[in-house]
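J.: This is the structure I want to talk about, given as structure tokens.
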Amino acid sequence: MRKKIVAGNWKMNKTSTSAVTELASAIVQAELPESVTVVLHPPALWLERVAAIIKERINLGAQNVHPKVEGAFTGEISATMLKAAGVSYCIVGHSERRQYFAESDAFVATKIADLLAVGITPIVCCGESLTIRENNTYLAFVEEQIKACLMGFTATELAKIVIAYEPIWAIGTGKTATPQQAQEMHAHIRLILEHLAGKDIAAQVPLLYGGSCKPDNAKELFALPDVDGGLIGGAALQASDFVQLIHSF
Ligand code: 13P
């Protein structure tokens, strides 16, 4: 059985300790189904504060990592540091980092290696722009992205990752992928994984959907055969919405 995961990517939101405490406390106090793995990805500055609130029931996630252990990399945080702060999941390859910080697939691959080395689960993001969707080349585009990020890893390593399909045209736009669009891509990603790591491992890697996933569309997305949960942006900033999403399986 694959893990069901709902991960909340807070991005650069929640600007005060009181706002952070309020959101994390409301989520941890809610009744949450045992069968769902819940992850919170606050901004790095708030990791330890959130860790102290959520304790064991909820997992702590980071939004970024630098693929060096330590050294002269001003402003960066290493996987070893994240591990020490209690982080167990980390987002890599998010389209916002690719767009605003020019992060390449090769750079994403080095981050994955470093996270795996310290025992943090990478949530590897992929997804096409609207132009690529409209050109009908989206399956080949995402395949390229995934292969470029994951080609160098062994099957045992690939068994330890999570993939999030986040079409760029759906992020923060209110325009969600239809169930058909999501299932088509997720099935394709599982096939790519099959080629990289074999059928058994491909069958156990959780594939998350992200992009305007909300309480009113999550149920039909999470019910799809190859969708194992969501990577949530906007709706993760309201405890009631996020808790509803966790109950959407
Ligand atoms: P939204 O849910 O706000 O569309 O963001 C999705 C996302 O980018 C999560 O990483």
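In the structure tokens, each chain is lettered A, B, ... as it comes, each chain's residues begin at 1, and ligands are numbered from 1 in order of appearance.
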Do you have, as JSON lines, the list of residues of segment 132-248 of chain A lying at most 7 Å from segment 117-123 of chain A, each with its nearest atom pair and that distance in Å to one decimal, counting only C-alpha atoms and ordered by chain then number?
T.:
{"residue": "A:Lys160", "atom": "CA", "partner": "A:Thr121", "partner_atom": "CA", "distance": 6.3}
{"residue": "A:Ile161", "atom": "CA", "partner": "A:Pro122", "partner_atom": "CA", "distance": 5.4}
{"residue": "A:Val162", "atom": "CA", "partner": "A:Ile123", "partner_atom": "CA", "distance": 4.7}
{"residue": "A:Ile163", "atom": "CA", "partner": "A:Ile123", "partner_atom": "CA", "distance": 5.4}
{"residue": "A:Ala164", "atom": "CA", "partner": "A:Ile123", "partner_atom": "CA", "distance": 6.4}
J.: Find the residues near Ala140 of chain A: any atom within 12 Å, counting only C-alpha atoms, skip ones fewer than 4 places away on the same chain, and give them as number ranges by chain.
T.: A: 126-128, 132-133, 135-136, 144-147, 185, 188-189, 192
J.: Using C-alpha atoms, can you export the residues from the last selection as a CSV table (one decimal), in the first residue's frame?
T.:
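For reference, part-v2.csv as written:
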chain,number,residue,atom,x,y,z
A,126,CYS,CA,7.8,18.5,-12.0
A,127,GLY,CA,5.3,20.1,-14.2
A,128,GLU,CA,4.8,21.9,-17.5
A,132,ILE,CA,3.8,23.3,-23.3
A,133,ARG,CA,0.4,22.0,-22.3
A,135,ASN,CA,1.5,22.5,-27.6
A,136,ASN,CA,0.6,19.0,-26.5
A,144,GLU,CA,12.6,14.7,-19.6
A,145,GLN,CA,12.4,16.6,-16.3
A,146,ILE,CA,12.0,13.5,-14.3
A,147,LYS,CA,14.7,11.5,-16.1
A,185,MET,CA,0.2,12.5,-16.2
A,188,HIS,CA,2.8,8.5,-17.2
A,189,ILE,CA,5.1,9.3,-14.3
A,192,ILE,CA,8.7,6.5,-16.2
J.: Give me, as a tab-separated table, the closest atom pair and its distance (Å, one decimal) for every residue of chain A within a cut-off of 7 Å of ligand 1, counting only C-alpha atoms and all ligand atoms, rows sorted by chain and rising number.
T.:
residue	atom	partner	partner_atom_place_in_ligand_line	distance
A:Asn9	CA	ligand 1	10 (O)	5.2
A:His94	CA	ligand 1	10 (O)	6.7
A:Glu166	CA	ligand 1	8 (O)	6.7
A:Ala170	CA	ligand 1	4 (O)	5.9
A:Ile171	CA	ligand 1	4 (O)	3.4
A:Gly172	CA	ligand 1	4 (O)	3.6
A:Thr173	CA	ligand 1	4 (O)	6.3
A:Gly174	CA	ligand 1	4 (O)	6.8
A:Gly210	CA	ligand 1	6 (C)	4.9
A:Gly211	CA	ligand 1	4 (O)	3.7
A:Ser212	CA	ligand 1	4 (O)	3.6
A:Cys213	CA	ligand 1	2 (O)	5.2
A:Leu231	CA	ligand 1	9 (C)	5.0
A:Ile232	CA	ligand 1	2 (O)	4.3
A:Gly233	CA	ligand 1	2 (O)	3.4
A:Gly234	CA	ligand 1	3 (O)	3.7
A:Ala235	CA	ligand 1	2 (O)	6.0
J.: Create the file for the chosen residues now, containing N, CA and C atoms and written as a PDB file, in the first residue's frame.
T.:
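Dumped everything to result-v1.pdb:
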ATOM      1  N   ASN A   9       2.703  23.394   1.615  1.00  0.00           N
ATOM      2  CA  ASN A   9       3.835  24.268   1.299  1.00  0.00           C
ATOM      3  C   ASN A   9       3.411  25.713   1.601  1.00  0.00           C
ATOM      4  N   HIS A  94      10.857  22.739  -7.221  1.00  0.00           N
ATOM      5  CA  HIS A  94       9.590  23.475  -7.370  1.00  0.00           C
ATOM      6  C   HIS A  94       9.715  24.476  -8.523  1.00  0.00           C
ATOM      7  N   GLU A 166       3.076  19.211 -10.460  1.00  0.00           N
ATOM      8  CA  GLU A 166       2.457  20.518 -10.269  1.00  0.00           C
ATOM      9  C   GLU A 166       2.479  21.284 -11.591  1.00  0.00           C
ATOM     10  N   ALA A 170      -1.509  25.676 -13.144  1.00  0.00           N
ATOM     11  CA  ALA A 170      -2.510  25.446 -12.090  1.00  0.00           C
ATOM     12  C   ALA A 170      -2.083  26.028 -10.742  1.00  0.00           C
ATOM     13  N   ILE A 171      -0.814  26.424 -10.628  1.00  0.00           N
ATOM     14  CA  ILE A 171      -0.311  26.892  -9.325  1.00  0.00           C
ATOM     15  C   ILE A 171      -0.805  28.301  -9.038  1.00  0.00           C
ATOM     16  N   GLY A 172      -1.591  28.422  -7.980  1.00  0.00           N
ATOM     17  CA  GLY A 172      -2.070  29.728  -7.520  1.00  0.00           C
ATOM     18  C   GLY A 172      -3.022  30.423  -8.485  1.00  0.00           C
ATOM     19  N   THR A 173      -3.539  29.702  -9.454  1.00  0.00           N
ATOM     20  CA  THR A 173      -4.385  30.324 -10.480  1.00  0.00           C
ATOM     21  C   THR A 173      -5.870  30.028 -10.284  1.00  0.00           C
ATOM     22  N   GLY A 174      -6.173  29.043  -9.446  1.00  0.00           N
ATOM     23  CA  GLY A 174      -7.565  28.618  -9.287  1.00  0.00           C
ATOM     24  C   GLY A 174      -8.001  27.684 -10.408  1.00  0.00           C
ATOM     25  N   GLY A 210      -0.308  18.819  -7.253  1.00  0.00           N
ATOM     26  CA  GLY A 210      -0.299  20.174  -6.694  1.00  0.00           C
ATOM     27  C   GLY A 210      -0.716  21.181  -7.738  1.00  0.00           C
ATOM     28  N   GLY A 211      -1.468  22.196  -7.321  1.00  0.00           N
ATOM     29  CA  GLY A 211      -1.915  23.245  -8.244  1.00  0.00           C
ATOM     30  C   GLY A 211      -3.391  23.521  -8.025  1.00  0.00           C
ATOM     31  N   SER A 212      -3.674  24.557  -7.212  1.00  0.00           N
ATOM     32  CA  SER A 212      -5.058  24.933  -6.886  1.00  0.00           C
ATOM     33  C   SER A 212      -5.883  23.753  -6.374  1.00  0.00           C
ATOM     34  N   CYS A 213      -5.242  22.898  -5.592  1.00  0.00           N
ATOM     35  CA  CYS A 213      -5.955  21.793  -4.948  1.00  0.00           C
ATOM     36  C   CYS A 213      -6.652  22.354  -3.704  1.00  0.00           C
ATOM     37  N   LEU A 231       0.245  18.249  -2.811  1.00  0.00           N
ATOM     38  CA  LEU A 231       1.183  19.262  -2.317  1.00  0.00           C
ATOM     39  C   LEU A 231       0.414  20.576  -2.446  1.00  0.00           C
ATOM     40  N   ILE A 232       0.080  21.142  -1.291  1.00  0.00           N
ATOM     41  CA  ILE A 232      -0.910  22.205  -1.235  1.00  0.00           C
ATOM     42  C   ILE A 232      -0.259  23.552  -0.936  1.00  0.00           C
ATOM     43  N   GLY A 233      -0.595  24.570  -1.694  1.00  0.00           N
ATOM     44  CA  GLY A 233      -0.087  25.917  -1.439  1.00  0.00           C
ATOM     45  C   GLY A 233      -1.125  26.736  -0.690  1.00  0.00           C
ATOM     46  N   GLY A 234      -1.901  27.526  -1.414  1.00  0.00           N
ATOM     47  CA  GLY A 234      -2.869  28.455  -0.819  1.00  0.00           C
ATOM     48  C   GLY A 234      -3.754  27.845   0.260  1.00  0.00           C
ATOM     49  N   ALA A 235      -4.309  26.677  -0.020  1.00  0.00           N
ATOM     50  CA  ALA A 235      -5.246  26.072   0.937  1.00  0.00           C
ATOM     51  C   ALA A 235      -4.552  25.506   2.179  1.00  0.00           C
TER      52      ALA A 235
END
J.: Can you list every residue in segment 6-233 of chain A that DSSP puts in strand (DSSP E or B), as a VMD selection string?
T.: chain A and resid 6 to 9 36 to 41 59 to 62 66 78 89 to 92 121 to 126 162 to 165 207 to 209 229 to 232
J.: Could you check which of A:Val87, A:Leu139, A:Ala223, A:Ala7 is closest to Leu40 of chain A, using only C-alpha atoms?
T.: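 Residue with the minimum atom-to-atom distance to Leu40 of chain A: A:Ala7.
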J.: Name the closest residue to Ala84 of chain A among the candidates A:Thr176, A:Ala51, A:Val124, A:Lys219; distances are taken between atoms, counting only C-alpha atoms.
T.: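 Under the stated criterion, the closest residue is A:Ala51.
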J.: Leaving out Val243 of chain A and any residue of its chain fewer than 3 positions from it, which residues lie within 9 Å of it when counting only C-alpha atoms, given as a list in words?
T.: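 Once the adjacent positions are removed, what remains is Ile27, Ala30, Glu31, Leu32, Pro215, Ala236, Gln238, Ala239, Ser240, Ile246, His247 and Ser248 of chain A.
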J.: Store the residues of this selection in a file with all heavy atoms, as a tab-separated table (two decimals), in the first residue's frame.
T.:
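Saved as part-v6.tsv:
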chain	number	residue	atom	x	y	z
A	27	ILE	N	-3.80	22.97	13.39
A	27	ILE	CA	-3.70	21.71	12.63
A	27	ILE	C	-3.42	20.55	13.59
A	27	ILE	O	-4.04	19.49	13.51
A	27	ILE	CB	-2.64	21.81	11.52
A	27	ILE	CG1	-3.07	22.87	10.48
A	27	ILE	CG2	-2.42	20.46	10.84
A	27	ILE	CD1	-1.97	23.31	9.54
A	30	ALA	N	-6.45	19.39	15.55
A	30	ALA	CA	-7.59	18.82	14.81
A	30	ALA	C	-7.53	17.30	14.85
A	30	ALA	O	-6.47	16.70	15.05
A	30	ALA	CB	-7.55	19.29	13.36
A	31	GLU	N	-8.68	16.68	14.63
A	31	GLU	CA	-8.68	15.22	14.53
A	31	GLU	C	-8.17	14.84	13.15
A	31	GLU	O	-8.74	15.27	12.13
A	31	GLU	CB	-10.09	14.71	14.74
A	31	GLU	CG	-10.06	13.22	14.91
A	31	GLU	CD	-11.25	12.74	15.73
A	31	GLU	OE1	-11.74	13.49	16.59
A	31	GLU	OE2	-11.66	11.62	15.46
A	32	LEU	N	-7.11	14.05	13.11
A	32	LEU	CA	-6.50	13.70	11.82
A	32	LEU	C	-6.50	12.19	11.64
A	32	LEU	O	-6.16	11.46	12.57
A	32	LEU	CB	-5.06	14.22	11.77
A	32	LEU	CG	-4.87	15.73	11.95
A	32	LEU	CD1	-3.39	16.08	12.02
A	32	LEU	CD2	-5.55	16.51	10.84
A	215	PRO	N	-10.39	22.12	-0.89
A	215	PRO	CA	-11.35	21.15	-0.35
A	215	PRO	C	-12.44	20.76	-1.35
A	215	PRO	O	-12.92	19.64	-1.34
A	215	PRO	CB	-11.95	21.88	0.86
A	215	PRO	CG	-10.88	22.82	1.29
A	215	PRO	CD	-10.18	23.25	0.02
A	236	ALA	N	-3.21	25.54	2.20
A	236	ALA	CA	-2.50	25.08	3.39
A	236	ALA	C	-2.33	26.20	4.41
A	236	ALA	O	-1.84	25.99	5.52
A	236	ALA	CB	-1.12	24.53	3.00
A	238	GLN	N	-4.81	28.05	5.62
A	238	GLN	CA	-6.01	28.11	6.46
A	238	GLN	C	-6.17	26.75	7.11
A	238	GLN	O	-6.37	25.77	6.39
A	238	GLN	CB	-7.26	28.37	5.59
A	238	GLN	CG	-7.36	29.74	4.98
A	238	GLN	CD	-7.66	30.79	6.04
A	238	GLN	OE1	-8.17	30.48	7.11
A	238	GLN	NE2	-7.31	32.04	5.75
A	239	ALA	N	-6.12	26.69	8.44
A	239	ALA	CA	-6.18	25.38	9.10
A	239	ALA	C	-7.43	24.59	8.69
A	239	ALA	O	-7.34	23.39	8.40
A	239	ALA	CB	-6.14	25.56	10.60
A	240	SER	N	-8.59	25.26	8.60
A	240	SER	CA	-9.82	24.51	8.31
A	240	SER	C	-9.76	23.89	6.92
A	240	SER	O	-10.15	22.73	6.73
A	240	SER	CB	-11.03	25.42	8.46
A	240	SER	OG	-10.87	26.54	7.63
A	246	ILE	N	-6.98	16.95	4.32
A	246	ILE	CA	-6.43	15.71	4.90
A	246	ILE	C	-7.53	14.65	5.00
A	246	ILE	O	-7.27	13.46	4.93
A	246	ILE	CB	-5.81	16.01	6.29
A	246	ILE	CG1	-4.65	17.00	6.15
A	246	ILE	CG2	-5.32	14.72	6.98
A	246	ILE	CD1	-4.19	17.62	7.46
A	247	HIS	N	-8.76	15.11	5.12
A	247	HIS	CA	-9.90	14.18	5.22
A	247	HIS	C	-10.50	13.85	3.85
A	247	HIS	O	-11.58	13.28	3.79
A	247	HIS	CB	-10.98	14.79	6.13
A	247	HIS	CG	-10.62	14.72	7.59
A	247	HIS	ND1	-10.88	13.62	8.37
A	247	HIS	CD2	-9.99	15.61	8.39
A	247	HIS	CE1	-10.45	13.84	9.60
A	247	HIS	NE2	-9.91	15.04	9.64
A	248	SER	N	-9.83	14.22	2.79
A	248	SER	CA	-10.44	14.07	1.46
A	248	SER	C	-10.18	12.75	0.74
A	248	SER	O	-10.48	12.61	-0.44
A	248	SER	CB	-10.01	15.22	0.54
A	248	SER	OG	-10.47	16.44	1.05
J.: For Val92 of chain A, work out the shell of residues within 12 Å, counting only C-alpha atoms and skipping chain neighbours fewer than 2 positions away, then give it as JSON, numbers by chain.
T.: {"A": [9, 41, 61, 62, 63, 64, 65, 66, 67, 79, 89, 90, 94, 95, 96, 97, 98, 103, 104, 105, 106, 107, 108, 109, 110, 111, 112, 113, 114, 115, 120, 121, 122, 123, 124, 125, 126, 146, 149, 150, 161, 162, 163, 164, 165]}
J.: Rounded to one decimal in Å, what is the spacing between atom CA of Gln29 of chain A and atom CA of Leu245 of chain A?
T.: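 Here the two named atoms are 15.4 Å from each other.
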J.: Here is a test: counting only C-alpha atoms, which residue of A:Thr178, A:Pro33, A:Arg49, A:Gly198 is nearest to Ser16 of chain A?
T.: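 Of A:Thr178, A:Pro33, A:Arg49, A:Gly198, the one nearest Ser16 of chain A, counting only C-alpha atoms, is A:Arg49.
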J.: May I have all residues of segment 67-101 of chain A that DSSP, computed from the backbone, assigns to alpha helix (DSSP H), given as a PyMOL selection string?
T.: chain A and resi 79-84+95-100
J.: May I have the selected residues written with C-alpha atoms, as a PDB file, in the first residue's frame?
T.:
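Printed below is out22.pdb as written:
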ATOM      1  CA  ALA A  79      20.533  18.827   4.489  1.00  0.00           C
ATOM      2  CA  THR A  80      22.552  18.080   7.630  1.00  0.00           C
ATOM      3  CA  MET A  81      21.230  21.274   9.234  1.00  0.00           C
ATOM      4  CA  LEU A  82      17.659  20.457   8.225  1.00  0.00           C
ATOM      5  CA  LYS A  83      18.034  16.990   9.698  1.00  0.00           C
ATOM      6  CA  ALA A  84      19.248  18.504  12.978  1.00  0.00           C
ATOM      7  CA  SER A  95       8.708  25.531 -10.450  1.00  0.00           C
ATOM      8  CA  GLU A  96       9.068  28.754  -8.441  1.00  0.00           C
ATOM      9  CA  ARG A  97      12.691  27.887  -7.676  1.00  0.00           C
ATOM     10  CA  ARG A  98      13.293  26.890 -11.290  1.00  0.00           C
ATOM     11  CA  GLN A  99      11.752  30.173 -12.480  1.00  0.00           C
ATOM     12  CA  TYR A 100      13.031  32.737  -9.950  1.00  0.00           C
TER      13      TYR A 100
END
J.: Between A:Ala44, A:Trp169, A:Gln180, A:His186, which one has atoms that come closest to Glu143 of chain A, using only C-alpha atoms?
T.: A:His186
J.: Quick one, how far is atom CA of Gly8 of chain A from atom CA of Phe242 of chain A?
T.: 7.6 Å
J.: Which residue gives the smallest distance to His195 of chain A among A:Ile77, A:Met151, A:Val50, A:Met12, with only C-alpha atoms counted?
T.: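 Closest to His195 of chain A, using only C-alpha atoms: A:Met151.
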J.: Pick from A:Gly93, A:Pro167, A:Gly230, A:Pro43: nearest to Ala148 of chain A, with only C-alpha atoms counted?
T.: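 Nearest candidate to Ala148 of chain A out of A:Gly93, A:Pro167, A:Gly230, A:Pro43: A:Gly93.
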J.: Extract, using only C-alpha atoms, all DNA, RNA and protein residues at most 7 Å from Asn59 of chain A, discarding same-chain residues fewer than 5 positions from it, and format them as a PyMOL selection string.
T.: chain A and resi 38-40+88
J.: In Å to one decimal, how far is atom CA of Leu208 of chain A from atom CA of Glu34 of chain A?
T.: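 For atom CA of Glu34 of chain A relative to atom CA of Leu208 of chain A, the distance reads 18.2 Å.
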